[in-house]
Structures are given as C-alpha cells and as structure tokens.
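Source file: upload_38.pdb. Holds: PDB, C-alpha atoms.
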```pdb
ATOM      1  CA  MET Q   1     -89.695 -24.599-108.830
ATOM      2  CA  ARG Q   2     -86.030 -24.984-107.841
ATOM      3  CA  LEU Q   3     -86.511 -22.604-104.937
ATOM      4  CA  TYR Q   4     -89.434 -24.694-103.728
ATOM      5  CA  LEU Q   5     -87.391 -27.937-103.860
ATOM      6  CA  LEU Q   6     -84.434 -26.290-102.107
ATOM      7  CA  ARG Q   7     -86.668 -24.968 -99.299
ATOM      8  CA  ARG Q   8     -88.329 -28.346 -98.980
ATOM      9  CA  ARG Q   9     -84.957 -30.123 -98.740
ATOM     10  CA  ILE Q  10     -83.691 -27.634 -96.141
ATOM     11  CA  ALA Q  11     -86.874 -28.068 -94.104
ATOM     12  CA  THR Q  12     -86.581 -31.877 -94.279
ATOM     13  CA  VAL Q  13     -82.929 -31.809 -93.143
ATOM     14  CA  THR Q  14     -83.772 -29.357 -90.358
ATOM     15  CA  VAL Q  15     -86.625 -31.545 -89.099
ATOM     16  CA  ALA Q  16     -84.393 -34.652 -89.246
ATOM     17  CA  VAL Q  17     -81.615 -32.913 -87.292
ATOM     18  CA  LEU Q  18     -84.079 -31.646 -84.690
ATOM     19  CA  ALA Q  19     -85.607 -35.123 -84.368
ATOM     20  CA  GLY Q  20     -82.121 -36.587 -83.927
ATOM     21  CA  LEU Q  21     -81.239 -34.029 -81.260
ATOM     22  CA  LEU Q  22     -84.525 -34.711 -79.478
ATOM     23  CA  LEU Q  23     -83.830 -38.466 -79.555
ATOM     24  CA  VAL Q  24     -80.334 -37.950 -78.114
ATOM     25  CA  HIS Q  25     -81.764 -35.719 -75.387
ATOM     26  CA  VAL Q  26     -84.495 -38.228 -74.509
ATOM     27  CA  MET Q  27     -82.027 -41.111 -74.315
ATOM     28  CA  PHE Q  28     -78.955 -39.504 -72.760
ATOM     29  CA  GLY Q  29     -80.163 -36.249 -71.189
ATOM     30  CA  ALA Q  30     -80.268 -35.425 -67.479
ATOM     31  CA  ASN Q  31     -83.655 -37.146 -67.151
ATOM     32  CA  GLY Q  32     -83.200 -39.553 -70.062
ATOM     33  CA  MET Q  33     -84.019 -43.231 -70.333
ATOM     34  CA  ILE Q  34     -80.571 -44.387 -69.235
ATOM     35  CA  VAL Q  35     -80.674 -42.299 -66.061
ATOM     36  CA  TYR Q  36     -84.272 -43.448 -65.502
ATOM     37  CA  LYS Q  37     -83.293 -47.123 -65.675
ATOM     38  CA  GLN Q  38     -80.393 -46.581 -63.261
ATOM     39  CA  LYS Q  39     -82.666 -44.743 -60.817
ATOM     40  CA  ARG Q  40     -85.277 -47.501 -61.125
ATOM     41  CA  ILE Q  41     -82.692 -50.158 -60.198
ATOM     42  CA  GLU Q  42     -81.505 -48.036 -57.270
ATOM     43  CA  TYR Q  43     -85.124 -47.546 -56.140
ATOM     44  CA  GLU Q  44     -85.814 -51.291 -56.163
ATOM     45  CA  SER Q  45     -82.612 -51.957 -54.231
ATOM     46  CA  LEU Q  46     -83.516 -49.379 -51.595
ATOM     47  CA  ARG Q  47     -87.068 -50.718 -51.367
ATOM     48  CA  LYS Q  48     -85.756 -54.224 -50.667
ATOM     49  CA  ARG Q  49     -83.352 -52.860 -48.064
ATOM     50  CA  ILE Q  50     -86.159 -50.962 -46.345
ATOM     51  CA  ALA Q  51     -88.260 -54.139 -46.204
ATOM     52  CA  GLN Q  52     -85.316 -56.036 -44.723
ATOM     53  CA  GLU Q  53     -84.691 -53.315 -42.128
ATOM     54  CA  GLN Q  54     -88.386 -53.292 -41.198
ATOM     55  CA  LYS Q  55     -88.312 -57.068 -40.619
ATOM     56  CA  GLU Q  56     -85.230 -56.675 -38.449
ATOM     57  CA  ASN Q  57     -86.892 -53.832 -36.558
ATOM     58  CA  GLU Q  58     -89.970 -55.988 -35.949
ATOM     59  CA  LEU Q  59     -87.734 -58.758 -34.589
ATOM     60  CA  TYR Q  60     -86.084 -56.319 -32.175
ATOM     61  CA  THR Q  61     -89.479 -54.976 -31.126
ATOM     62  CA  GLN Q  62     -90.622 -58.520 -30.310
ATOM     63  CA  GLN Q  63     -87.410 -59.145 -28.375
ATOM     64  CA  ILE Q  64     -87.904 -55.971 -26.345
ATOM     65  CA  GLN Q  65     -91.524 -56.861 -25.659
ATOM     66  CA  GLY Q  66     -90.444 -60.316 -24.518
ATOM     67  CA  LEU Q  67     -87.824 -58.872 -22.192
ATOM     68  CA  LYS Q  68     -90.420 -56.555 -20.686
ATOM     69  CA  THR Q  69     -92.957 -59.275 -19.955
ATOM     70  CA  ASP Q  70     -91.393 -62.759 -20.017
ATOM     71  CA  GLU Q  71     -89.174 -63.774 -17.103
ATOM     72  CA  LYS Q  72     -87.722 -66.714 -19.025
ATOM     73  CA  ALA Q  73     -86.593 -64.362 -21.808
ATOM     74  CA  ILE Q  74     -84.942 -62.107 -19.239
ATOM     75  CA  GLU Q  75     -83.182 -65.079 -17.648
ATOM     76  CA  LYS Q  76     -82.050 -66.387 -21.048
ATOM     77  CA  GLU Q  77     -80.626 -62.998 -22.052
ATOM     78  CA  ALA Q  78     -78.831 -62.574 -18.719
ATOM     79  CA  ARG Q  79     -77.351 -66.046 -18.943
ATOM     80  CA  GLU Q  80     -76.088 -65.455 -22.473
ATOM     81  CA  GLN Q  81     -74.721 -61.938 -22.052
ATOM     82  CA  LEU Q  82     -73.410 -62.142 -18.494
ATOM     83  CA  ARG Q  83     -72.433 -65.824 -18.735
ATOM     84  CA  TYR Q  84     -74.451 -66.743 -15.683
ATOM     85  CA  ALA Q  85     -74.972 -70.390 -14.850
ATOM     86  CA  ARG Q  86     -77.211 -72.284 -12.529
ATOM     87  CA  PRO Q  87     -75.638 -74.382  -9.804
ATOM     88  CA  GLY Q  88     -74.179 -77.504 -11.364
ATOM     89  CA  GLU Q  89     -73.959 -76.042 -14.867
ATOM     90  CA  TYR Q  90     -70.796 -75.212 -16.732
ATOM     91  CA  VAL Q  91     -70.381 -72.271 -19.083
ATOM     92  CA  TYR Q  92     -68.060 -72.778 -22.027
ATOM     93  CA  VAL Q  93     -66.219 -69.646 -23.096
ATOM     94  CA  PRO Q  94     -64.095 -70.096 -26.220
ATOM     95  CA  PRO Q  95     -60.561 -68.748 -25.872
ATOM     96  CA  ALA Q  96     -59.657 -65.529 -27.637
ATOM     97  CA  PRO Q  97     -57.433 -65.977 -30.691
ATOM     98  CA  ALA Q  98     -53.775 -65.883 -29.667
ATOM     99  CA  ASN Q  99     -52.587 -63.788 -32.616
ATOM    100  CA  PRO Q 100     -55.305 -61.826 -34.402
ATOM    101  CA  LEU Q 101     -54.722 -61.531 -38.113
ATOM    102  CA  SER Q 102     -53.487 -58.132 -39.144
ATOM    103  CA  PRO Q 103     -54.546 -56.739 -42.518
ATOM    104  CA  ALA Q 104     -51.877 -57.189 -45.152
ATOM    105  CA  THR Q 105     -50.548 -54.081 -46.777
ATOM    106  CA  HIS Q 106     -49.185 -54.173 -50.268
ATOM    107  CA  SER Q 107     -47.375 -50.864 -50.183
ATOM    108  CA  ALA Q 108     -43.716 -50.706 -51.062
ATOM    109  CA  LYS Q 109     -41.255 -49.690 -48.366
ATOM    110  CA  LYS Q 110     -38.438 -47.300 -49.162
TER     111      LYS Q 110
END
```

Same coordinates, now as structure tokens:
Amino acid sequence: MRLYLLRRRIATVTVAVLAGLLLVHVMFGANGMIVYKQKRIEYESLRKRIAQEQKENELYTQQIQGLKTDEKAIEKEAREQLRYARPGEYVYVPPAPANPLSPATHSAKK
C-alpha cells in the first residue's frame, strides 16, 4: 500500500511539474502569448500605415492624372514650383533664415 501511495504522489508531482513547464512555455516561449500580443500590436500598426500610404498614393495618382489632362492644374503647378506670375501679379517669396539653427551637442570638450 505504501508503494502505491508513493508512486501516486510521484506521478502527481511529475504531472504538476510538466503542467507548470507547459504553462511557462505557452506564455513565455518563442511563440508564446506575450510574443503573440506584441506581434498583433505590430501588425495593427503596420496595417494602419499601409492604409495611410495607400491614401497618399491615391492622392498622388489623382494629382498625376490632373497634370496629364487639366491645363489649369498644369498652370497652377508651374506657378507654384517655378514662381511664375501673370502680368500685373506679384509673387511673394519669404526670405531664407539668416542664421539656421545648428543642432546642440552636449558632449564635453577636452
């Protein structure tokens, strides 16, 4: 009877240890729940970025199509980029900054 109880206790402890190891592996392993949640967040972030890039791409496609077909769009783009003006119009060009800000370095000098 003692041998039976000892074997039963050993089997119970072994099963509990194996279950604990399995739980640790499922939670913290290479493909565990923590890694899964991080990958899920990264996936959602990338999906939103792709949607944003597709909207921007569609906007550029419409701009290109307009420049291919619409003379007013071509004129508008030329006037903006090349600073063209019609007779009697004035084009305002803001002055360049006199002293551009240089990035501050916090390194010690010897």

Can you tell me, as AutoDock Vina command-line options, the centre and edge lengths (Å, one decimal) of the axis-aligned box enclosing all of region 44-63 of chain Q's listed atoms after padding each side by 5 Å?
```
--center_x -86.6 --center_y -54.3 --center_z -42.3 --size_x 18.0 --size_y 19.8 --size_z 37.8
```

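In this model, the gap between CA of Arg47 (chain Q) and CA of Gly32 (chain Q) comes to 22.1 Å.
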
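Coordinates place CA of Tyr43 (chain Q) at a distance of 15.2 Å from CA of Asn31 (chain Q).
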
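Atom pair CA of Ala96 (chain Q) / CA of Glu80 (chain Q): separated by 17.2 Å.
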
* Counting all atoms listed in the file, select every polymer residue within 8 Å of (-71.7, -69.6, -21.9) as defined in the file's coordinates, and provide the selection as number ranges by chain. => Q: 79-80, 83-85, 90-93
